[in-house]
Amino acid sequence: SFSKEPSLNVIYFMLPACMAFLRNARSSLLWGSTILTFCVLSLSGSVFLTLAFTAVWWLLLRVIPIRFAVPYGMLILMAAFLLTVEYFGYQPLMDGITYIAQYGDFLTKTVSLTSRTTGAVVHMDAALASPFGSATISDLPGPWLVNSALAAGWVGVLLLVWFLSRLGRQLDVFHSNSAPRSARRLGCLLLVGTLATVIVFNDYQMGNYSGLILLAFIYRTVQLRNQRTEAVTTPGSRLSPS
């Protein structure tokens, strides 16, 4: 079923892969690598976009902290994407996809791009006009915060941004306490890339029980690891080496 709708792989497989790398155990590294390989072989455009976002954030995080990237940097990207589509149409994006597709037919994602970009702008206008939510909820994937505004109103979006900002702060501490070129660092980068895809372009299944619970598991895992690290390094703690 996931091969028939590979866009689902971002939520149902990329997030578990992030969890596996963040745990940094031998068995979880094996499973994380297996899951990530499956995602790539699914030839999902959203998976490729996630990996592209991961590479971009790998460069950007050299100059900006993760606590700014999640969620504020992604909100800037989402706004830039929506404004570009609204004022210039999706033709520039189509031209970019066409250029990339010359390196392989499996990179041709014009139908998916057209439907989602067009719907994203329409839903954005509806969300801006519906502070308490809309009676009609989008049945198409799109920017997570836009579709969340239709379902939960502006207050729901603010609560979601608040949660993401807390996740960004915890992830920033976790990333700082991780060794360079480690699986933990890879998990952080992959999670940032996955969140960028969800927030900017494809929230398929993110707003339901599955997506939110997966993200909550990741948040709690990172938070507990940070608390343990803090306890070990704090003088006078029972877990402190001193």
# chains A, B, ... in the order shown; residues from 1 in each chain; ligands from 1
>>> select_by_dssp(residues="stretch 53-214 of chain A", states="helix (DSSP H, G or I)", output="MDAnalysis selection string")
chainID A and resid 53:60 66:88 91:101 105:107 110:128 144:176 183:200 209:214
>>> residues_around(residues="stretch 145-157 of chain A", least_positions_apart="4", cutoff="6 Å", atoms="only C-alpha atoms", output="ChimeraX atom specification")
/A:124,127,131-134,137
>>> write_last_selection(atoms="all heavy atoms", output="short mmCIF file (atom, residue, chain, number, x, y, z; two decimals), in the first residue's frame")
data_model
loop_
_atom_site.label_atom_id
_atom_site.label_comp_id
_atom_site.auth_asym_id
_atom_site.auth_seq_id
_atom_site.Cartn_x
_atom_site.Cartn_y
_atom_site.Cartn_z
N MET A 124 -4.61 28.41 1.79
CA MET A 124 -4.05 29.50 2.57
C MET A 124 -5.04 30.67 2.66
O MET A 124 -5.26 31.24 3.73
CB MET A 124 -2.74 29.98 1.95
CG MET A 124 -2.11 31.17 2.69
SD MET A 124 -0.68 31.88 1.82
CE MET A 124 -1.52 32.60 0.38
N ALA A 127 -7.74 29.71 5.00
CA ALA A 127 -7.29 29.71 6.39
C ALA A 127 -7.20 31.13 6.94
O ALA A 127 -7.55 31.37 8.11
CB ALA A 127 -5.93 29.02 6.49
N PRO A 131 -10.58 32.41 11.14
CA PRO A 131 -9.82 32.40 12.40
C PRO A 131 -10.24 31.30 13.36
O PRO A 131 -9.45 30.90 14.22
CB PRO A 131 -10.11 33.79 12.99
CG PRO A 131 -11.38 34.23 12.33
CD PRO A 131 -11.37 33.64 10.96
N PHE A 132 -11.46 30.79 13.24
CA PHE A 132 -11.94 29.73 14.13
C PHE A 132 -12.00 28.38 13.44
O PHE A 132 -12.64 27.46 13.93
CB PHE A 132 -13.31 30.10 14.70
CG PHE A 132 -13.32 31.38 15.46
CD1 PHE A 132 -13.87 32.52 14.91
CD2 PHE A 132 -12.75 31.46 16.73
CE1 PHE A 132 -13.86 33.72 15.61
CE2 PHE A 132 -12.74 32.65 17.43
CZ PHE A 132 -13.30 33.79 16.87
N GLY A 133 -11.35 28.26 12.31
CA GLY A 133 -11.38 27.02 11.57
C GLY A 133 -12.45 27.04 10.49
O GLY A 133 -13.34 27.91 10.48
N SER A 134 -12.37 26.08 9.59
CA SER A 134 -13.30 26.02 8.47
C SER A 134 -14.17 24.77 8.57
O SER A 134 -13.73 23.73 9.07
CB SER A 134 -12.54 26.02 7.14
OG SER A 134 -13.41 25.82 6.05
N ILE A 137 -12.62 20.92 5.51
CA ILE A 137 -11.22 20.61 5.76
C ILE A 137 -10.59 20.06 4.49
O ILE A 137 -11.20 19.29 3.76
CB ILE A 137 -11.08 19.61 6.91
CG1 ILE A 137 -11.68 20.20 8.19
CG2 ILE A 137 -9.63 19.24 7.15
CD1 ILE A 137 -11.66 19.26 9.37
#
>>> closest_atom_pairs(of="stretch 97-213 of chain A", to="stretch 82-86 of chain A", cutoff="9 Å", atoms="only C-alpha atoms", output="CSV")
residue,atom,partner,partner_atom,distance
A:Thr117,CA,A:Val85,CA,6.9
A:Thr118,CA,A:Val85,CA,7.8
A:Ala120,CA,A:Leu82,CA,7.2
A:Val121,CA,A:Leu82,CA,6.2
A:Met124,CA,A:Leu82,CA,8.1
A:Val200,CA,A:Leu82,CA,8.6
>>> residues_around(residues="A:Val40", least_positions_apart="6", cutoff="10 Å", atoms="only C-alpha atoms", output="list in words")
Asn9, Val47, Phe48 and Leu51 of chain A
>>> closest_residue(among="A:Gln223, A:Thr136, A:Ser178, A:Thr229", to="A:Phe21", atoms="only C-alpha atoms")
A:Ser178
>>> residues_around(residues="stretch 25-37 of chain A", least_positions_apart="4", cutoff="8 Å", atoms="only C-alpha atoms", output="list in words")
Phe13, Met14, Pro16, Ala17, Cys18, Met19, Ala20, Phe21, Leu41 and Ala183 of chain A
>>> closest_residue(among="A:Leu8, A:Leu75, A:Leu60, A:Val173", to="A:Gln227", atoms="only C-alpha atoms")
A:Val173
>>> atom_distance(atom1="atom CA of A:Trp57", atom2="atom CA of A:Leu159")
24.3 Å
>>> closest_residue(among="A:Val56, A:Ala135, A:Leu140, A:Leu171", to="A:Arg225", atoms="only C-alpha atoms")
A:Leu171
